[in-house]
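Pasted below: protein-v3.cif, mmCIF, N, CA and C atoms.
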data_query
loop_
_atom_site.label_atom_id
_atom_site.label_comp_id
_atom_site.auth_asym_id
_atom_site.auth_seq_id
_atom_site.Cartn_x
_atom_site.Cartn_y
_atom_site.Cartn_z
N MET A 2 48.65 -88.18 89.23
CA MET A 2 48.71 -88.82 90.53
C MET A 2 48.61 -87.77 91.62
N PRO A 3 47.87 -88.08 92.65
CA PRO A 3 47.83 -87.15 93.80
C PRO A 3 49.18 -87.17 94.52
N TYR A 4 49.24 -86.52 95.63
CA TYR A 4 50.46 -86.48 96.44
C TYR A 4 51.00 -87.90 96.55
N ASP A 5 52.20 -88.12 96.08
CA ASP A 5 52.71 -89.48 96.00
C ASP A 5 54.19 -89.56 96.36
N SER A 6 54.75 -90.71 96.09
CA SER A 6 56.16 -90.96 96.42
C SER A 6 57.10 -90.01 95.69
N HIS A 7 56.77 -89.67 94.45
CA HIS A 7 57.63 -88.75 93.70
C HIS A 7 57.69 -87.39 94.41
N GLN A 8 56.55 -86.90 94.84
CA GLN A 8 56.50 -85.61 95.53
C GLN A 8 57.25 -85.67 96.86
N ARG A 9 57.06 -86.76 97.59
CA ARG A 9 57.72 -86.91 98.89
C ARG A 9 59.24 -86.97 98.69
N ALA A 10 59.69 -87.70 97.67
CA ALA A 10 61.13 -87.78 97.38
C ALA A 10 61.68 -86.40 97.05
N ALA A 11 60.94 -85.64 96.25
CA ALA A 11 61.38 -84.29 95.88
C ALA A 11 61.52 -83.41 97.12
N GLU A 12 60.60 -83.54 98.05
CA GLU A 12 60.67 -82.75 99.29
C GLU A 12 61.93 -83.08 100.08
N PHE A 13 62.26 -84.36 100.19
CA PHE A 13 63.48 -84.74 100.91
C PHE A 13 64.73 -84.26 100.19
N HIS A 14 64.72 -84.27 98.86
CA HIS A 14 65.86 -83.73 98.11
C HIS A 14 66.04 -82.24 98.42
N GLU A 15 64.94 -81.51 98.47
CA GLU A 15 65.01 -80.08 98.80
C GLU A 15 65.53 -79.86 100.22
N GLN A 16 65.05 -80.67 101.16
CA GLN A 16 65.51 -80.55 102.55
C GLN A 16 66.99 -80.85 102.66
N ALA A 17 67.44 -81.85 101.93
CA ALA A 17 68.87 -82.20 101.95
C ALA A 17 69.70 -81.06 101.39
N ALA A 18 69.25 -80.48 100.28
CA ALA A 18 69.98 -79.37 99.68
C ALA A 18 70.06 -78.19 100.64
N HIS A 19 68.97 -77.89 101.31
CA HIS A 19 68.96 -76.79 102.28
C HIS A 19 69.95 -77.07 103.42
N ALA A 20 69.94 -78.30 103.93
CA ALA A 20 70.85 -78.64 105.02
C ALA A 20 72.30 -78.58 104.57
N HIS A 21 72.58 -78.98 103.33
CA HIS A 21 73.95 -78.87 102.80
C HIS A 21 74.39 -77.42 102.73
N ARG A 22 73.49 -76.54 102.27
CA ARG A 22 73.84 -75.11 102.20
C ARG A 22 74.08 -74.53 103.59
N ALA A 23 73.25 -74.92 104.55
CA ALA A 23 73.41 -74.43 105.92
C ALA A 23 74.72 -74.94 106.52
N ALA A 24 75.06 -76.19 106.23
CA ALA A 24 76.32 -76.75 106.74
C ALA A 24 77.51 -76.01 106.15
N ALA A 25 77.46 -75.73 104.86
CA ALA A 25 78.55 -75.01 104.21
C ALA A 25 78.71 -73.62 104.82
N ALA A 26 77.60 -72.96 105.08
CA ALA A 26 77.66 -71.62 105.68
C ALA A 26 78.25 -71.69 107.08
N ALA A 27 77.85 -72.67 107.87
CA ALA A 27 78.36 -72.81 109.23
C ALA A 27 79.85 -73.11 109.22
N HIS A 28 80.26 -74.01 108.34
CA HIS A 28 81.70 -74.33 108.24
C HIS A 28 82.49 -73.10 107.80
N GLY A 29 81.92 -72.33 106.89
CA GLY A 29 82.59 -71.12 106.41
C GLY A 29 82.79 -70.09 107.51
N LYS A 30 81.90 -70.10 108.50
CA LYS A 30 82.01 -69.17 109.63
C LYS A 30 82.85 -69.74 110.77
N GLY A 31 83.35 -70.96 110.58
CA GLY A 31 84.15 -71.58 111.63
C GLY A 31 83.31 -72.27 112.69
N GLU A 32 82.03 -72.42 112.45
CA GLU A 32 81.13 -73.08 113.40
C GLU A 32 81.06 -74.57 113.05
N HIS A 33 82.13 -75.27 113.37
CA HIS A 33 82.25 -76.65 112.91
C HIS A 33 81.26 -77.60 113.56
N LEU A 34 80.93 -77.41 114.82
CA LEU A 34 79.96 -78.30 115.45
C LEU A 34 78.59 -78.13 114.82
N SER A 35 78.18 -76.90 114.59
CA SER A 35 76.90 -76.63 113.94
C SER A 35 76.92 -77.16 112.51
N GLY A 36 78.03 -76.95 111.82
CA GLY A 36 78.16 -77.45 110.46
C GLY A 36 78.09 -78.97 110.40
N HIS A 37 78.70 -79.62 111.39
CA HIS A 37 78.66 -81.08 111.45
C HIS A 37 77.22 -81.57 111.63
N GLU A 38 76.47 -80.94 112.49
CA GLU A 38 75.07 -81.33 112.71
C GLU A 38 74.25 -81.11 111.44
N GLN A 39 74.46 -80.00 110.77
CA GLN A 39 73.76 -79.75 109.51
C GLN A 39 74.12 -80.80 108.46
N SER A 40 75.37 -81.19 108.43
CA SER A 40 75.81 -82.22 107.48
C SER A 40 75.13 -83.55 107.80
N ARG A 41 75.02 -83.87 109.08
CA ARG A 41 74.35 -85.10 109.49
C ARG A 41 72.89 -85.09 109.05
N GLN A 42 72.22 -83.95 109.23
CA GLN A 42 70.83 -83.82 108.81
C GLN A 42 70.71 -83.94 107.30
N ALA A 43 71.65 -83.35 106.58
CA ALA A 43 71.63 -83.44 105.12
C ALA A 43 71.75 -84.89 104.67
N LEU A 44 72.63 -85.63 105.31
CA LEU A 44 72.79 -87.04 104.97
C LEU A 44 71.50 -87.81 105.23
N GLU A 45 70.87 -87.56 106.34
CA GLU A 45 69.62 -88.25 106.67
C GLU A 45 68.53 -87.91 105.65
N HIS A 46 68.41 -86.65 105.28
CA HIS A 46 67.42 -86.26 104.27
C HIS A 46 67.74 -86.91 102.92
N SER A 47 69.02 -86.99 102.60
CA SER A 47 69.42 -87.63 101.35
C SER A 47 69.04 -89.11 101.35
N ARG A 48 69.24 -89.76 102.46
CA ARG A 48 68.87 -91.18 102.57
C ARG A 48 67.37 -91.37 102.39
N LYS A 49 66.60 -90.51 103.04
CA LYS A 49 65.14 -90.61 102.90
C LYS A 49 64.71 -90.33 101.47
N ALA A 50 65.34 -89.34 100.84
CA ALA A 50 65.01 -89.02 99.45
C ALA A 50 65.29 -90.22 98.56
N PHE A 51 66.41 -90.90 98.79
CA PHE A 51 66.76 -92.07 98.01
C PHE A 51 65.72 -93.17 98.20
N GLU A 52 65.30 -93.41 99.44
CA GLU A 52 64.30 -94.44 99.71
C GLU A 52 62.98 -94.12 99.02
N TRP A 53 62.55 -92.88 99.11
CA TRP A 53 61.29 -92.48 98.48
C TRP A 53 61.40 -92.53 96.96
N SER A 54 62.57 -92.21 96.43
CA SER A 54 62.78 -92.28 94.98
C SER A 54 62.69 -93.72 94.50
N GLN A 55 63.29 -94.63 95.26
CA GLN A 55 63.20 -96.05 94.91
C GLN A 55 61.74 -96.52 94.93
N ASP A 56 61.01 -96.12 95.95
CA ASP A 56 59.61 -96.50 96.06
C ASP A 56 58.81 -95.95 94.88
N ALA A 57 59.05 -94.70 94.54
CA ALA A 57 58.35 -94.08 93.42
C ALA A 57 58.66 -94.81 92.12
N PHE A 58 59.92 -95.18 91.93
CA PHE A 58 60.32 -95.88 90.72
C PHE A 58 59.62 -97.23 90.63
N GLN A 59 59.60 -97.96 91.73
CA GLN A 59 58.95 -99.27 91.74
C GLN A 59 57.45 -99.15 91.45
N LYS A 60 56.81 -98.15 92.03
CA LYS A 60 55.39 -97.95 91.77
C LYS A 60 55.15 -97.57 90.31
N SER A 61 56.05 -96.78 89.74
CA SER A 61 55.92 -96.40 88.33
C SER A 61 56.06 -97.63 87.43
N GLU A 62 57.01 -98.48 87.75
CA GLU A 62 57.19 -99.71 86.97
C GLU A 62 55.94 -100.58 87.02
N LYS A 63 55.37 -100.71 88.20
CA LYS A 63 54.17 -101.54 88.35
C LYS A 63 52.99 -100.96 87.58
N SER A 64 52.83 -99.64 87.64
CA SER A 64 51.68 -99.02 87.00
C SER A 64 51.79 -99.02 85.47
N THR A 65 53.03 -99.04 84.94
CA THR A 65 53.20 -99.04 83.49
C THR A 65 53.47 -100.44 82.95
N GLY A 66 53.71 -101.39 83.84
CA GLY A 66 53.98 -102.75 83.42
C GLY A 66 55.36 -102.93 82.85
N LYS A 67 56.23 -101.94 83.04
CA LYS A 67 57.60 -102.02 82.51
C LYS A 67 58.54 -102.55 83.58
N ARG A 68 59.57 -103.19 83.14
CA ARG A 68 60.61 -103.67 84.03
C ARG A 68 61.93 -103.63 83.40
#
Kindly return the structure encoded in the file as C-alpha coordinates.
Amino acid sequence: MPYDSHQRAAEFHEQAAHAHRAAAAAHGKGEHLSGHEQSRQALEHSRKAFEWSQDAFQKSEKSTGKR
(Lines of atoms letter the chains of each structure in order from A and count residues from 1; the text may use other names and numbers.)
(Lines give C-alpha, C1' and ligand atoms only; values in the text may rest on other atoms or scores of the structure.)
Protein backbone atom coordinates (compact mmCIF):
# COMPACT_ATOMS: atom_id res chain seq x y z
CA MET A 1 0.00 0.00 0.00
CA PRO A 2 1.23 3.50 -0.72
CA TYR A 3 1.24 6.17 1.96
CA ASP A 4 -1.86 5.26 3.90
CA SER A 5 -3.71 5.40 7.19
CA HIS A 6 -1.26 3.03 8.88
CA GLN A 7 1.65 5.33 8.05
CA ARG A 8 -0.25 8.44 9.14
CA ALA A 9 -1.20 6.77 12.45
CA ALA A 10 2.44 5.81 13.04
CA GLU A 11 3.50 9.42 12.48
CA PHE A 12 1.03 10.69 15.08
CA HIS A 13 2.22 8.03 17.55
CA GLU A 14 5.79 9.28 17.06
CA GLN A 15 4.71 12.91 17.50
CA ALA A 16 2.85 12.02 20.68
CA ALA A 17 5.87 10.19 22.07
CA HIS A 18 8.11 13.17 21.30
CA ALA A 19 5.70 15.58 22.99
CA HIS A 20 5.51 13.31 26.06
CA ARG A 21 9.32 13.27 26.32
CA ALA A 22 9.46 17.06 25.95
CA ALA A 23 6.77 17.49 28.62
CA ALA A 24 8.66 15.22 31.01
CA ALA A 25 11.85 17.19 30.45
CA ALA A 26 10.08 20.51 31.03
CA HIS A 27 8.42 19.26 34.21
CA GLY A 28 11.77 17.93 35.40
CA LYS A 29 13.25 21.41 35.01
CA GLY A 30 10.37 23.00 36.90
CA GLU A 31 8.92 24.56 33.75
CA HIS A 32 5.37 23.52 34.52
CA LEU A 33 3.58 25.81 32.08
CA SER A 34 5.74 24.61 29.20
CA GLY A 35 5.34 21.03 30.38
CA HIS A 36 1.57 21.46 30.52
CA GLU A 37 1.49 22.71 26.92
CA GLN A 38 3.65 19.81 25.77
CA SER A 39 1.33 17.40 27.58
CA ARG A 40 -1.67 18.97 25.84
CA GLN A 41 0.03 18.54 22.47
CA ALA A 42 0.89 14.94 23.31
CA LEU A 43 -2.74 14.23 24.11
CA GLU A 44 -3.88 15.77 20.84
CA HIS A 45 -1.36 13.72 18.85
CA SER A 46 -2.45 10.60 20.71
CA ARG A 47 -6.08 11.29 19.82
CA LYS A 48 -5.21 11.75 16.16
CA ALA A 49 -3.11 8.57 16.19
CA PHE A 50 -6.06 6.67 17.64
CA GLU A 51 -8.41 8.03 14.95
CA TRP A 52 -6.01 7.14 12.15
CA SER A 53 -5.43 3.70 13.66
CA GLN A 54 -9.17 3.05 13.71
CA ASP A 55 -9.43 4.17 10.09
CA ALA A 56 -6.54 1.94 9.08
CA PHE A 57 -8.09 -1.03 10.87
CA GLN A 58 -11.45 -0.51 9.17
CA LYS A 59 -9.81 -0.24 5.76
CA SER A 60 -7.82 -3.41 6.45
CA GLU A 61 -10.99 -5.27 7.39
CA LYS A 62 -12.71 -4.14 4.20
CA SER A 63 -9.78 -5.07 1.97
CA THR A 64 -9.42 -8.56 3.49
CA GLY A 65 -13.14 -9.19 3.91
CA LYS A 66 -12.63 -10.04 7.58
CA ARG A 67 -14.77 -8.81 10.42
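Atom CA of Ser54 of chain A to atom CA of Ser6 of chain A spans 6.9 Å [interatomic distance, one decimal].
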| task | Take the PyMOL selection byres (((chain A and resi 55-68 and name CA) around 9) and name CA), apply it to the structure above, and return the hits as a ChimeraX atom specification. | result | /A:5-8,10,50-54
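Reported to one decimal place, the separation of atom CA of Ala20 of chain A from atom CA of Leu44 of chain A is 8.6 Å.
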| task | Write out as a PyMOL selection string which residues come within 8 Å of His37 of chain A when counting only N, CA and C atoms, dropping same-chain ones fewer than 2 positions away. | result | chain A and resi 23-25+27-28+32-35+39-43
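Note that the spacing between atom CA of Gly36 of chain A and atom C of Lys49 of chain A amounts to 20.7 Å.
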